[in-house]
Structures are given as structure tokens and as C-alpha cells.
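Visitor: Sharing entry.pdb here; it has PDB, C-alpha atoms and all ligand atoms.
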ATOM      1  CA  MET A1373     -35.981 -71.865  27.574
ATOM      2  CA  LYS A1374     -34.135 -73.223  30.617
ATOM      3  CA  LYS A1375     -31.561 -70.777  32.057
ATOM      4  CA  ASP A1376     -32.928 -67.954  29.884
ATOM      5  CA  VAL A1377     -33.424 -64.618  31.603
ATOM      6  CA  ILE A1378     -36.171 -62.674  29.889
ATOM      7  CA  ILE A1379     -37.785 -59.301  30.629
ATOM      8  CA  VAL A1380     -41.521 -58.983  29.942
ATOM      9  CA  THR A1381     -43.107 -55.526  29.930
ATOM     10  CA  GLY A1382     -46.819 -55.016  30.482
ATOM     11  CA  ALA A1383     -46.612 -58.196  32.559
ATOM     12  CA  ALA A1384     -49.328 -57.309  35.063
ATOM     13  CA  SER A1385     -52.167 -58.051  32.646
ATOM     14  CA  GLY A1386     -53.272 -59.640  29.378
ATOM     15  CA  VAL A1387     -50.684 -60.846  26.862
ATOM     16  CA  GLY A1388     -47.707 -59.867  29.023
ATOM     17  CA  ARG A1389     -49.041 -61.753  32.018
ATOM     18  CA  GLU A1390     -49.779 -64.921  30.029
ATOM     19  CA  THR A1391     -46.372 -64.758  28.347
ATOM     20  CA  ALA A1392     -44.581 -64.321  31.671
ATOM     21  CA  LEU A1393     -46.416 -67.376  33.032
ATOM     22  CA  LEU A1394     -45.640 -69.517  29.954
ATOM     23  CA  LEU A1395     -41.951 -68.569  29.851
ATOM     24  CA  ALA A1396     -41.565 -69.162  33.582
ATOM     25  CA  LYS A1397     -43.310 -72.526  33.255
ATOM     26  CA  ASP A1398     -40.778 -73.439  30.559
ATOM     27  CA  GLY A1399     -37.994 -72.749  33.072
ATOM     28  CA  ALA A1400     -37.007 -69.183  32.179
ATOM     29  CA  LYS A1401     -36.275 -66.597  34.821
ATOM     30  CA  VAL A1402     -38.679 -63.806  34.033
ATOM     31  CA  VAL A1403     -38.427 -60.201  35.139
ATOM     32  CA  CYS A1404     -41.963 -58.846  35.035
ATOM     33  CA  ALA A1405     -42.253 -55.093  34.515
ATOM     34  CA  ASP A1406     -45.332 -52.918  34.574
ATOM     35  CA  ILE A1407     -46.552 -49.535  35.749
ATOM     36  CA  ASP A1408     -49.315 -51.328  37.694
ATOM     37  CA  LYS A1409     -47.842 -52.132  41.113
ATOM     38  CA  GLU A1410     -50.933 -53.970  42.389
ATOM     39  CA  GLY A1411     -51.122 -56.120  39.224
ATOM     40  CA  LEU A1412     -47.483 -57.090  39.672
ATOM     41  CA  ARG A1413     -48.128 -57.993  43.310
ATOM     42  CA  GLU A1414     -50.970 -60.291  42.244
ATOM     43  CA  LEU A1415     -48.777 -61.871  39.559
ATOM     44  CA  THR A1416     -45.992 -62.525  42.074
ATOM     45  CA  GLU A1417     -48.506 -64.269  44.301
ATOM     46  CA  THR A1418     -49.761 -66.426  41.388
ATOM     47  CA  MET A1419     -46.201 -67.331  40.406
ATOM     48  CA  ARG A1420     -45.274 -68.174  43.988
ATOM     49  CA  LYS A1421     -48.258 -70.530  44.277
ATOM     50  CA  ARG A1422     -47.200 -72.263  41.042
ATOM     51  CA  ASN A1423     -43.534 -72.498  42.136
ATOM     52  CA  LEU A1424     -42.408 -70.338  39.240
ATOM     53  CA  ASP A1425     -39.304 -68.173  39.242
ATOM     54  CA  ALA A1426     -39.948 -64.487  38.624
ATOM     55  CA  LYS A1427     -39.035 -61.042  39.839
ATOM     56  CA  THR A1428     -41.030 -57.867  39.392
ATOM     57  CA  LYS A1429     -40.024 -54.263  38.816
ATOM     58  CA  VAL A1430     -42.399 -51.327  38.657
ATOM     59  CA  THR A1431     -41.440 -49.517  35.455
ATOM     60  CA  ASP A1432     -42.890 -46.822  33.237
ATOM     61  CA  VAL A1433     -41.721 -48.017  29.819
ATOM     62  CA  GLY A1434     -42.264 -44.555  28.366
ATOM     63  CA  LYS A1435     -39.298 -43.260  30.377
ATOM     64  CA  PRO A1436     -35.896 -44.296  29.021
ATOM     65  CA  GLU A1437     -34.177 -43.998  32.394
ATOM     66  CA  GLU A1438     -36.695 -46.443  33.926
ATOM     67  CA  VAL A1439     -36.186 -48.955  31.114
ATOM     68  CA  GLU A1440     -32.423 -48.700  31.599
ATOM     69  CA  GLU A1441     -32.923 -49.318  35.328
ATOM     70  CA  LEU A1442     -35.103 -52.347  34.507
ATOM     71  CA  VAL A1443     -32.359 -53.873  32.352
ATOM     72  CA  ASP A1444     -29.703 -53.126  34.999
ATOM     73  CA  PHE A1445     -31.913 -54.609  37.731
ATOM     74  CA  THR A1446     -32.304 -57.798  35.667
ATOM     75  CA  VAL A1447     -28.588 -58.240  35.122
ATOM     76  CA  ASP A1448     -27.736 -57.332  38.736
ATOM     77  CA  THR A1449     -30.217 -60.004  39.847
ATOM     78  CA  TYR A1450     -29.467 -62.848  37.436
ATOM     79  CA  LYS A1451     -26.053 -61.912  35.962
ATOM     80  CA  ARG A1452     -27.317 -62.528  32.437
ATOM     81  CA  LEU A1453     -29.877 -61.373  29.885
ATOM     82  CA  ASP A1454     -31.253 -63.443  27.012
ATOM     83  CA  GLY A1455     -34.168 -61.387  25.804
ATOM     84  CA  ILE A1456     -36.889 -58.820  26.228
ATOM     85  CA  PHE A1457     -40.576 -58.779  25.280
ATOM     86  CA  ASN A1458     -41.507 -55.137  24.616
ATOM     87  CA  ASN A1459     -45.234 -55.487  25.046
ATOM     88  CA  ALA A1460     -46.660 -52.797  27.345
ATOM     89  CA  GLY A1461     -49.193 -50.583  25.641
ATOM     90  CA  ILE A1462     -52.260 -48.426  26.054
ATOM     91  CA  ARG A1463     -55.467 -47.995  24.095
ATOM     92  CA  ASP A1464     -56.266 -44.952  21.980
ATOM     93  CA  GLY A1465     -59.836 -43.900  21.128
ATOM     94  CA  THR A1466     -59.177 -40.205  20.538
ATOM     95  CA  HIS A1467     -60.460 -38.846  17.245
ATOM     96  CA  PHE A1468     -57.815 -37.304  14.952
ATOM     97  CA  ASP A1469     -59.577 -33.921  15.343
ATOM     98  CA  ASP A1470     -59.062 -34.040  19.100
ATOM     99  CA  VAL A1471     -55.438 -35.164  19.262
ATOM    100  CA  ASP A1472     -53.504 -32.445  21.067
ATOM    101  CA  PRO A1473     -50.183 -31.879  19.241
ATOM    102  CA  VAL A1474     -48.492 -30.805  22.463
ATOM    103  CA  ARG A1475     -49.396 -34.119  24.116
ATOM    104  CA  TYR A1476     -49.061 -36.306  21.022
ATOM    105  CA  HIS A1477     -45.677 -37.578  22.123
ATOM    106  CA  GLU A1478     -47.098 -38.901  25.410
ATOM    107  CA  HIS A1479     -49.054 -41.627  23.620
ATOM    108  CA  LEU A1480     -46.087 -42.449  21.424
ATOM    109  CA  ALA A1481     -43.788 -42.585  24.441
ATOM    110  CA  THR A1482     -45.785 -45.496  25.846
ATOM    111  CA  ASN A1483     -46.743 -47.266  22.625
ATOM    112  CA  GLN A1484     -43.744 -46.680  20.377
ATOM    113  CA  HIS A1485     -40.680 -45.087  21.966
ATOM    114  CA  SER A1486     -40.849 -47.658  24.767
ATOM    115  CA  VAL A1487     -40.106 -50.361  22.202
ATOM    116  CA  PHE A1488     -36.983 -48.531  21.085
ATOM    117  CA  TYR A1489     -35.901 -48.014  24.710
ATOM    118  CA  GLY A1490     -36.377 -51.715  25.443
ATOM    119  CA  MET A1491     -34.513 -52.827  22.317
ATOM    120  CA  HIS A1492     -31.732 -50.278  22.861
ATOM    121  CA  TYR A1493     -30.922 -50.987  26.499
ATOM    122  CA  ALA A1494     -31.404 -54.761  26.237
ATOM    123  CA  ALA A1495     -29.266 -54.976  23.093
ATOM    124  CA  LYS A1496     -26.480 -52.862  24.664
ATOM    125  CA  LYS A1497     -26.462 -55.149  27.693
ATOM    126  CA  MET A1498     -26.526 -58.344  25.613
ATOM    127  CA  GLN A1499     -23.642 -56.998  23.507
ATOM    128  CA  GLU A1500     -21.683 -56.187  26.687
ATOM    129  CA  LEU A1501     -22.373 -59.639  28.173
ATOM    130  CA  ASN A1502     -21.683 -61.345  24.849
ATOM    131  CA  THR A1503     -25.053 -63.115  25.089
ATOM    132  CA  LYS A1504     -25.392 -65.976  22.619
ATOM    133  CA  ASN A1505     -28.751 -66.236  20.894
ATOM    134  CA  GLY A1506     -30.305 -63.023  22.229
ATOM    135  CA  ARG A1507     -33.945 -62.486  21.354
ATOM    136  CA  ILE A1508     -36.213 -59.456  21.229
ATOM    137  CA  VAL A1509     -39.951 -59.671  20.624
ATOM    138  CA  ASN A1510     -42.176 -56.605  20.224
ATOM    139  CA  THR A1511     -45.947 -56.237  20.227
ATOM    140  CA  ALA A1512     -47.343 -54.573  17.123
ATOM    141  CA  SER A1513     -51.005 -54.946  16.084
ATOM    142  CA  ILE A1514     -53.194 -55.521  13.063
ATOM    143  CA  ARG A1515     -53.597 -51.750  13.403
ATOM    144  CA  SER A1516     -50.013 -51.521  12.124
ATOM    145  CA  TYR A1517     -51.584 -52.192   8.728
ATOM    146  CA  PHE A1518     -54.680 -50.003   8.652
ATOM    147  CA  GLY A1519     -55.823 -46.714  10.081
ATOM    148  CA  ALA A1520     -58.941 -45.423  11.763
ATOM    149  CA  LYS A1521     -60.131 -41.969  12.739
ATOM    150  CA  LYS A1522     -59.976 -42.815  16.450
ATOM    151  CA  SER A1523     -56.710 -44.704  16.200
ATOM    152  CA  PHE A1524     -54.386 -42.162  14.634
ATOM    153  CA  ARG A1525     -51.729 -42.282  17.345
ATOM    154  CA  TYR A1526     -52.084 -45.987  18.097
ATOM    155  CA  SER A1527     -51.829 -47.026  14.432
ATOM    156  CA  ALA A1528     -48.849 -44.713  13.927
ATOM    157  CA  ALA A1529     -47.066 -46.283  16.874
ATOM    158  CA  LYS A1530     -47.890 -49.846  15.883
ATOM    159  CA  ALA A1531     -46.897 -49.297  12.231
ATOM    160  CA  ALA A1532     -43.558 -47.946  13.437
ATOM    161  CA  ILE A1533     -42.995 -51.097  15.485
ATOM    162  CA  VAL A1534     -43.111 -53.259  12.323
ATOM    163  CA  SER A1535     -40.458 -51.060  10.748
ATOM    164  CA  MET A1536     -38.348 -50.811  13.916
ATOM    165  CA  THR A1537     -38.403 -54.595  14.201
ATOM    166  CA  MET A1538     -36.976 -55.005  10.687
ATOM    167  CA  SER A1539     -34.242 -52.384  11.141
ATOM    168  CA  ALA A1540     -33.214 -53.673  14.556
ATOM    169  CA  ALA A1541     -33.050 -57.250  13.226
ATOM    170  CA  ASP A1542     -30.650 -56.060  10.529
ATOM    171  CA  ALA A1543     -28.577 -54.038  13.001
ATOM    172  CA  LEU A1544     -28.319 -56.735  15.673
ATOM    173  CA  ALA A1545     -27.761 -59.819  13.509
ATOM    174  CA  LYS A1546     -24.006 -59.228  13.897
ATOM    175  CA  ASP A1547     -24.476 -59.829  17.649
ATOM    176  CA  GLY A1548     -26.559 -62.982  17.170
ATOM    177  CA  ILE A1549     -29.687 -61.198  18.408
ATOM    178  CA  ARG A1550     -32.972 -61.952  16.632
ATOM    179  CA  VAL A1551     -35.749 -59.344  16.607
ATOM    180  CA  ASN A1552     -39.347 -60.210  15.801
ATOM    181  CA  ALA A1553     -42.846 -58.977  16.571
ATOM    182  CA  VAL A1554     -46.402 -60.200  16.860
ATOM    183  CA  ALA A1555     -49.362 -58.363  15.346
ATOM    184  CA  PRO A1556     -52.502 -59.526  17.114
ATOM    185  CA  ALA A1557     -56.089 -58.779  16.182
ATOM    186  CA  PHE A1558     -58.520 -57.977  18.999
ATOM    187  CA  ILE A1559     -57.742 -59.732  22.264
ATOM    188  CA  ASP A1560     -60.054 -60.164  25.215
ATOM    189  CA  THR A1561     -57.938 -58.206  27.729
ATOM    190  CA  GLY A1562     -58.162 -55.158  29.956
ATOM    191  CA  LEU A1563     -57.240 -53.020  26.962
ATOM    192  CA  LEU A1564     -60.694 -53.602  25.492
ATOM    193  CA  ALA A1565     -62.574 -53.362  28.789
ATOM    194  CA  SER A1566     -64.122 -50.006  27.948
ATOM    195  CA  VAL A1567     -65.308 -51.023  24.451
ATOM    196  CA  PRO A1568     -69.124 -50.926  24.327
ATOM    197  CA  GLN A1569     -70.850 -54.327  23.988
ATOM    198  CA  GLU A1570     -72.315 -53.570  20.555
ATOM    199  CA  ARG A1571     -68.891 -52.700  19.115
ATOM    200  CA  ARG A1572     -67.374 -55.714  20.797
ATOM    201  CA  GLU A1573     -69.878 -58.004  19.073
ATOM    202  CA  ARG A1574     -69.066 -56.419  15.715
ATOM    203  CA  LEU A1575     -65.365 -56.994  16.349
ATOM    204  CA  GLU A1576     -65.942 -60.617  17.351
ATOM    205  CA  LYS A1577     -67.553 -61.339  13.973
ATOM    206  CA  LYS A1578     -64.456 -60.087  12.144
ATOM    207  CA  HIS A1579     -62.433 -63.030  13.497
ATOM    208  CA  LEU A1580     -62.898 -66.303  11.634
ATOM    209  CA  ARG A1581     -63.803 -68.171  14.832
ATOM    210  CA  GLY A1582     -66.364 -65.471  15.624
ATOM    211  CA  ARG A1583     -64.726 -64.461  18.881
ATOM    212  CA  LEU A1584     -61.915 -62.309  20.241
ATOM    213  CA  LEU A1585     -58.476 -63.828  20.719
ATOM    214  CA  LYS A1586     -57.439 -65.030  24.150
ATOM    215  CA  ALA A1587     -54.283 -63.504  25.607
ATOM    216  CA  VAL A1588     -52.749 -66.950  26.017
ATOM    217  CA  GLU A1589     -53.183 -67.633  22.271
ATOM    218  CA  VAL A1590     -50.956 -64.642  21.531
ATOM    219  CA  ALA A1591     -48.562 -65.587  24.334
ATOM    220  CA  LYS A1592     -48.001 -68.991  22.733
ATOM    221  CA  VAL A1593     -46.785 -67.327  19.523
ATOM    222  CA  VAL A1594     -44.515 -65.056  21.568
ATOM    223  CA  ARG A1595     -43.120 -68.143  23.303
ATOM    224  CA  PHE A1596     -42.434 -69.641  19.851
ATOM    225  CA  LEU A1597     -40.477 -66.501  18.899
ATOM    226  CA  PHE A1598     -38.348 -66.849  22.042
ATOM    227  CA  SER A1599     -37.769 -70.554  21.366
ATOM    228  CA  GLU A1600     -35.199 -72.376  19.218
ATOM    229  CA  ASP A1601     -38.046 -73.482  16.947
ATOM    230  CA  SER A1602     -38.129 -69.966  15.464
ATOM    231  CA  ILE A1603     -34.371 -69.808  14.796
ATOM    232  CA  ALA A1604     -35.001 -69.050  11.080
ATOM    233  CA  VAL A1605     -37.468 -66.241  11.810
ATOM    234  CA  ASN A1606     -35.903 -62.788  12.006
ATOM    235  CA  GLY A1607     -37.138 -59.246  11.358
ATOM    236  CA  ALA A1608     -40.644 -60.648  10.979
ATOM    237  CA  THR A1609     -43.961 -59.500  12.338
ATOM    238  CA  LEU A1610     -46.203 -62.525  12.736
ATOM    239  CA  LEU A1611     -49.932 -61.950  12.347
ATOM    240  CA  VAL A1612     -51.870 -63.523  15.202
ATOM    241  CA  ASP A1613     -55.264 -62.446  13.990
ATOM    242  CA  ASP A1614     -57.514 -65.452  13.343
ATOM    243  CA  GLY A1615     -57.864 -64.400   9.722
ATOM    244  CA  PHE A1616     -58.920 -60.810  10.463
ATOM    245  CA  LEU A1617     -56.693 -59.227   7.805
ATOM    246  CA  ALA A1618     -57.170 -62.054   5.335
ATOM    247  CA  VAL A1619     -60.848 -61.257   4.928
ATOM    248  CA  HIS A1620     -61.140 -57.535   5.740
TER     249      HIS A1620
HETATM  250  N1  LIG B   1     -56.134 -56.124  23.402
HETATM  251  C1  LIG B   1     -56.086 -55.992  22.075
HETATM  252  O1  LIG B   1     -57.104 -56.085  21.368
HETATM  253  C2  LIG B   1     -54.752 -55.775  21.381
HETATM  254  C3  LIG B   1     -54.672 -55.959  19.990
HETATM  255  C4  LIG B   1     -53.462 -55.790  19.347
HETATM  256  C5  LIG B   1     -52.337 -55.433  20.073
HETATM  257  N2  LIG B   1     -52.439 -55.261  21.419
HETATM  258  C6  LIG B   1     -51.231 -54.888  22.146
HETATM  259  O2  LIG B   1     -50.899 -55.917  23.038
HETATM  260  C7  LIG B   1     -50.103 -55.364  24.099
HETATM  261  C8  LIG B   1     -50.620 -55.881  25.420
HETATM  262  O3  LIG B   1     -51.927 -55.389  25.616
HETATM  263  P1  LIG B   1     -53.061 -56.248  26.318
HETATM  264  O4  LIG B   1     -54.139 -56.449  25.329
HETATM  265  O5  LIG B   1     -52.469 -57.413  27.006
HETATM  266  O6  LIG B   1     -53.636 -55.155  27.331
HETATM  267  P2  LIG B   1     -53.622 -55.058  28.921
HETATM  268  O7  LIG B   1     -54.222 -53.734  29.221
HETATM  269  O8  LIG B   1     -54.260 -56.275  29.506
HETATM  270  O9  LIG B   1     -52.069 -55.072  29.275
HETATM  271  C9  LIG B   1     -51.232 -53.961  29.016
HETATM  272  C10 LIG B   1     -50.305 -53.783  30.207
HETATM  273  O10 LIG B   1     -49.407 -52.706  29.907
HETATM  274  C11 LIG B   1     -49.253 -51.955  31.095
HETATM  275  N3  LIG B   1     -48.796 -50.601  30.804
HETATM  276  C12 LIG B   1     -49.506 -49.579  30.246
HETATM  277  N4  LIG B   1     -48.760 -48.468  30.181
HETATM  278  C13 LIG B   1     -47.550 -48.795  30.709
HETATM  279  C14 LIG B   1     -46.357 -48.065  30.919
HETATM  280  N5  LIG B   1     -46.239 -46.776  30.586
HETATM  281  N6  LIG B   1     -45.306 -48.713  31.485
HETATM  282  C15 LIG B   1     -45.420 -50.007  31.848
HETATM  283  N7  LIG B   1     -46.519 -50.738  31.682
HETATM  284  C16 LIG B   1     -47.574 -50.144  31.107
HETATM  285  C17 LIG B   1     -50.629 -51.976  31.752
HETATM  286  O11 LIG B   1     -50.565 -51.638  33.125
HETATM  287  C18 LIG B   1     -51.055 -53.402  31.500
HETATM  288  O12 LIG B   1     -50.683 -54.261  32.552
HETATM  289  C19 LIG B   1     -50.179 -53.853  23.923
HETATM  290  O13 LIG B   1     -48.997 -53.401  23.279
HETATM  291  C20 LIG B   1     -51.356 -53.655  23.006
HETATM  292  O14 LIG B   1     -51.281 -52.473  22.259
HETATM  293  C21 LIG B   1     -53.621 -55.442  22.093
END
Could you write out this file's structure as C-alpha cells?
Ligand SMILES: NC(=O)c1ccc[n+]([C@@H]2O[C@H](COP(=O)([O-])OP(=O)(O)OC[C@H]3O[C@@H](n4cnc5c(N)ncnc54)[C@H](O)[C@@H]3O)[C@@H](O)[C@H]2O)c1
Guide:
Amino acid sequence: MKKDVIIVTGAASGVGRETALLLAKDGAKVVCADIDKEGLRELTETMRKRNLDAKTKVTDVGKPEEVEELVDFTVDTYKRLDGIFNNAGIRDGTHFDDVDPVRYHEHLATNQHSVFYGMHYAAKKMQELNTKNGRIVNTASIRSYFGAKKSFRYSAAKAAIVSMTMSAADALAKDGIRVNAVAPAFIDTGLLASVPQERRERLEKKHLRGRLLKAVEVAKVVRFLFSEDSIAVNGATLLVDDGFLAVH
């Protein structure tokens, strides 16, 4: 991972934060992007204390012009780009009956279109720079594979990410860029903070270890997808679900 310059979105919390820390520890220069300015400030402080190399950029990944700026900022700063982790996302929880068609696209902008923006602008830049061994990793979900009445938008977005990952892998293979995704089960992060305790306990039991995943457990699989060890993995969405889908 040494010399690699990698953008991580949703870096202020959860999976993004743990991934940024792991990649930086491995020697990568990480550009940490998030909409949460205070979370990024705290991350910078943590990285500084651990002598890790990272920059931050406040970015709304649902806005293409901000994602383009993020990619430009990265290349202006480090003069190279080796990959992007399109990970930022928000929870759903709105029943199908209550989804407002006029605002439907807002959820998809953050949870789905953002992944296209990240892949598009990073790939264009890597093509321009003639990056060797470019890598893109996206965050899908086990919800890519099943629906729920209160997860209509979220599941739609996450299902699309599996498909987008396959098509982009095909399109970008000519440029030596690999595109993969992770599909985690339920992770103990801020995203689940508002889930009532009773539901949380039910979810815990659906994982074979009887507990939610830790963000760092997902981050380690993301690190694998950025590493040389995964050179033969392309267009894949790796389940990181502690058996959730195997038995439900
Ligand atoms: N927590 C889970 O159970 C779970 C399960 C499967 C998949 N995921 C996915 O994992 C990814 C990371 O989530 P997490 O669990 O670490 O949650 P998290 O809430 O801890 O982290 C998500 C981060 O994304 C940021 N973010 C939200 N909207 C943004 C925007 N418009 N622009 C930039 N940043 C934005 C948040 O500020 C936050 O820092 C998400 O894509 C999520 O859908 C989470």
C-alpha cells in the first residue's frame, strides 16, 4: 500500500474511519472525505497522534461537483491517485407508503449516485494520469439482496451498487482499474444508533457469532480489496456478513 493515494468517503465514522486508519497505517496517503466537518477534525487529530499521513476534505458525495472537487484536491495535493473507497451512506427507515416521489432522488443521490460520481471522476483522473493498478471499492450491503418495507430506497440503492460494480469492472479493465464492493451485514456503527434495543438484539442473533459486526472487521476486507492479494478479484461484491445470508 506504500505510495498509494486513496480517497475514502464517509471517513468521519464507522467503516470509512476504520478503513482510513488501516490504509494510512499500511503507508497509504489517504484523503478522508465526509459531510461531517467535526468528525473529520477528530479523525485528523487521531491520525496526527498516530503519526499517520492523511488529508481531509468536507464533501457531500451526493453532489457531483463536490466529488469532482474532491478528486481534483487529491491530485493537486499528492500528484497521483491510486484508488477510491465509495463508502459514505445514510440509513433509511421510511416505509414504502411514506416515500415521497418528489424527494426519492435525494436518498439515492447519497446512497447510489454518489458511487457513480466517485467511480466516474476517479476513473477519469486515473486514466488521465495513466495510473497503474487503479482500484475502486464500493460499499453495498446484504440489503442489496433482499428487500424490506422500510428499506425500499436503501435496498434499491445497494442493489444497484452490486450491478454498477460489475459494469464498471468490465468498462475499466482496459485501464488496469479493478472495481469491487463489500456487502456487510449489520455493523455496530453510528448508522444503527437509532435502532431500538429490542430490534438490535434480534439483529444480533441473525449473525452466526450472535453479535453485530465491528467496523474494523469490514475495513479489513476493504483493505484486502485494495491490496495486491486481491489481484484476481474483479467485479465482485464480497459478503462480509458473518453468515447472515447463508442461514436467512
Ligand atoms: N451499519 C450497518 O449496519 C451497515 C450495513 C451494511 C452496509 N452499510 C454501509 O456501510 C457504509 C458506511 O456506513 P457506517 O455503518 O460506517 O455508518 P456511519 O454512519 O458510521 O458512517 C457513514 C458516514 O457517511 C457520512 N455521510 C453521510 N452522508 C454523506 C454525504 N452526503 N456526503 C459525505 N458523507 C456522508 C456520515 O457523515 C458518516 O460519517 C454505508 O454505505 C452504509 O450504507 C452499513
Visitor: Assuming the chain letters and numbering stay as they are in my file, what does the PyMOL selection byres (((not hetatm)) within 6 of (chain B and resi 1)) actually select? List them as a VMD selection string.
Guide: chain A and resid 1382 to 1388 1406 to 1408 1431 to 1434 1459 to 1462 1482 1511 to 1513 1556 to 1564
Visitor: Here is a test: counting all atoms listed in the file, which residue of A:Lys1504, A:Arg1574, A:Arg1389, A:Lys1496 is nearest to Thr1418 (chain A)?
Guide: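 Checking each of A:Lys1504, A:Arg1574, A:Arg1389, A:Lys1496 against Thr1418 (chain A), counting all atoms listed in the file, the winner is A:Arg1389.
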Visitor: List, as a PyMOL selection string, every residue that the PyMOL selection byres (((chain A and resi 1528) around 10) and not hetatm) selects in the file provided.
Guide: chain A and resi 1480+1483-1484+1515-1519+1523-1527+1529-1533
Visitor: Distance CA of Thr1428 (chain A)-CA of Ile1379 (chain A), one decimal place?
Guide: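 Between CA of Thr1428 (chain A) and CA of Ile1379 (chain A) the gap is 9.5 Å.
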Visitor: Please write as a list in words the list of polymer residues whose atoms come within 7 Å of (-36.3, -49.5, 30.3), counting only C-alpha atoms and keeping to the coordinates of the file.
Guide: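 Nearby residues: Val1433, Lys1435, Pro1436, Glu1437, Glu1438, Val1439, Glu1440, Glu1441, Leu1442, Val1443, Tyr1489, Gly1490 and Tyr1493 of chain A.
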Visitor: May I have the selected residues written with C-alpha atoms, as a JSON list (two decimals), keeping the file's coordinate frame?
Guide:
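Okay, this is what ended up in out07.json:
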[["chain", "number", "residue", "atom", "x", "y", "z"],
["A", 1433, "VAL", "CA", -41.72, -48.02, 29.82],
["A", 1435, "LYS", "CA", -39.30, -43.26, 30.38],
["A", 1436, "PRO", "CA", -35.90, -44.30, 29.02],
["A", 1437, "GLU", "CA", -34.18, -44.00, 32.39],
["A", 1438, "GLU", "CA", -36.70, -46.44, 33.93],
["A", 1439, "VAL", "CA", -36.19, -48.96, 31.11],
["A", 1440, "GLU", "CA", -32.42, -48.70, 31.60],
["A", 1441, "GLU", "CA", -32.92, -49.32, 35.33],
["A", 1442, "LEU", "CA", -35.10, -52.35, 34.51],
["A", 1443, "VAL", "CA", -32.36, -53.87, 32.35],
["A", 1489, "TYR", "CA", -35.90, -48.01, 24.71],
["A", 1490, "GLY", "CA", -36.38, -51.72, 25.44],
["A", 1493, "TYR", "CA", -30.92, -50.99, 26.50]]
Visitor: Counting only C-alpha atoms, which residue out of A:Val1594, A:Val1534, A:Ala1587, A:Ala1400 sits closest to Phe1457 (chain A)?
Guide: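 Of A:Val1594, A:Val1534, A:Ala1587, A:Ala1400, the one nearest Phe1457 (chain A) is A:Val1594, counting only C-alpha atoms.
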Visitor: Write out as an MDAnalysis selection string the residues lying within 12 Å of Thr1449 (chain A), counting all atoms listed in the file and excluding same-chain residues fewer than 2 positions away.
Guide: chainID A and resid 1377:1379 1401:1403 1426:1429 1441:1447 1451:1453
Visitor: Let me make sure I understand: among A:Thr1381, A:Leu1544, A:Lys1421, A:Lys1409, which one has the smallest atom-to-atom distance to Val1487 (chain A) if we use all atoms listed in the file?
Guide: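 Of the candidates, the smallest distance to Val1487 (chain A) is held by A:Thr1381.
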Visitor: Go through A:His1477, A:Val1509, A:Lys1577, A:Thr1503 one by one, measure the shortest atom-to-atom distance of each to Lys1546 (chain A) using all atoms listed in the file, and give the residue with the smallest value.
Guide: A:Thr1503
Visitor: I'd like the contact shell of Asn1552 (chain A) - 7 Å cut-off, all atoms listed in the file, skipping same-chain residues fewer than 6 positions apart - returned as a ChimeraX atom specification.
Guide: /A:1508-1510,1537,1606-1609
Visitor: What does the distance between CA of Leu1617 (chain A) and CA of Ala1565 (chain A) come to in Å, to one decimal place?
Guide: 22.6 Å
Visitor: Have a look at CA of His1579 (chain A) and CA of Val1567 (chain A) and let me know their distance in Å, one decimal.
Guide: 16.5 Å
Visitor: May I have the centre and edge lengths, in Å to one decimal, of an axis-aligned box around the listed atoms of region 1412-1416 of chain A with 6 Å added to every side, as JSON?
Guide:
{"center_x": -48.5, "center_y": -59.8, "center_z": 41.4, "size_x": 17.0, "size_y": 17.4, "size_z": 15.8}
Visitor: In terms of the shortest atom-to-atom distance over only C-alpha atoms, which of A:Arg1571, A:Lys1375, A:Arg1550, A:His1485 is closest to Ile1603 (chain A)?
Guide: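 For Ile1603 (chain A), the nearest of the candidates is A:Arg1550.
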Visitor: Please write as a PyMOL selection string the full residue list that the PyMOL selection byres (((chain A and resi 1499) around 12) and not hetatm) yields on this file.
Guide: chain A and resi 1452-1455+1491-1498+1500-1507+1543-1549
Visitor: Which residue gives the smallest distance to Asp1601 (chain A) among A:Val1588, A:Ala1392, A:Leu1580, A:Met1373, with all atoms listed in the file counted?
Guide: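 Ranked by minimum distance to Asp1601 (chain A), first place goes to A:Met1373.
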Visitor: For Val1612 (chain A), find every residue with an atom within 9 Å (counting all atoms listed in the file), except residues of its own chain fewer than 6 positions away, and show them as a list of chain:residue names.
Guide: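 Contacts, in chain order: A:Ser1513, A:Ile1514, A:Val1554, A:Ala1555, A:Pro1556, A:Ala1557, A:Leu1585, A:Glu1589, A:Val1590, A:Val1593.
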Visitor: Please reconstruct the missing atoms of region 1537-1548 of chain A (target: N, CA and C atoms) and return them as a PDB file, in the coordinates of the input.
Guide:
ATOM      1  N   THR A1537     -38.769 -53.183  14.027  1.00  0.00           N
ATOM      2  CA  THR A1537     -38.403 -54.595  14.201  1.00  0.00           C
ATOM      3  C   THR A1537     -37.484 -55.043  13.058  1.00  0.00           C
ATOM      4  N   MET A1538     -37.803 -54.617  11.841  1.00  0.00           N
ATOM      5  CA  MET A1538     -36.976 -55.005  10.687  1.00  0.00           C
ATOM      6  C   MET A1538     -35.583 -54.373  10.782  1.00  0.00           C
ATOM      7  N   SER A1539     -35.541 -53.073  11.093  1.00  0.00           N
ATOM      8  CA  SER A1539     -34.242 -52.384  11.141  1.00  0.00           C
ATOM      9  C   SER A1539     -33.371 -52.919  12.270  1.00  0.00           C
ATOM     10  N   ALA A1540     -33.993 -53.171  13.419  1.00  0.00           N
ATOM     11  CA  ALA A1540     -33.214 -53.673  14.556  1.00  0.00           C
ATOM     12  C   ALA A1540     -32.698 -55.082  14.274  1.00  0.00           C
ATOM     13  N   ALA A1541     -33.504 -55.896  13.573  1.00  0.00           N
ATOM     14  CA  ALA A1541     -33.050 -57.250  13.226  1.00  0.00           C
ATOM     15  C   ALA A1541     -31.796 -57.165  12.363  1.00  0.00           C
ATOM     16  N   ASP A1542     -31.812 -56.238  11.412  1.00  0.00           N
ATOM     17  CA  ASP A1542     -30.650 -56.060  10.529  1.00  0.00           C
ATOM     18  C   ASP A1542     -29.437 -55.597  11.349  1.00  0.00           C
ATOM     19  N   ALA A1543     -29.675 -54.619  12.231  1.00  0.00           N
ATOM     20  CA  ALA A1543     -28.577 -54.038  13.001  1.00  0.00           C
ATOM     21  C   ALA A1543     -27.968 -55.032  13.993  1.00  0.00           C
ATOM     22  N   LEU A1544     -28.788 -55.892  14.556  1.00  0.00           N
ATOM     23  CA  LEU A1544     -28.319 -56.735  15.673  1.00  0.00           C
ATOM     24  C   LEU A1544     -27.940 -58.153  15.260  1.00  0.00           C
ATOM     25  N   ALA A1545     -28.118 -58.465  13.982  1.00  0.00           N
ATOM     26  CA  ALA A1545     -27.761 -59.819  13.509  1.00  0.00           C
ATOM     27  C   ALA A1545     -26.277 -60.093  13.770  1.00  0.00           C
ATOM     28  N   LYS A1546     -25.454 -59.064  13.670  1.00  0.00           N
ATOM     29  CA  LYS A1546     -24.006 -59.228  13.897  1.00  0.00           C
ATOM     30  C   LYS A1546     -23.715 -59.703  15.327  1.00  0.00           C
ATOM     31  N   ASP A1547     -24.649 -59.426  16.240  1.00  0.00           N
ATOM     32  CA  ASP A1547     -24.476 -59.829  17.649  1.00  0.00           C
ATOM     33  C   ASP A1547     -25.230 -61.116  17.971  1.00  0.00           C
ATOM     34  N   GLY A1548     -25.800 -61.738  16.946  1.00  0.00           N
ATOM     35  CA  GLY A1548     -26.559 -62.982  17.170  1.00  0.00           C
ATOM     36  C   GLY A1548     -27.886 -62.746  17.861  1.00  0.00           C
TER      37      GLY A1548
END
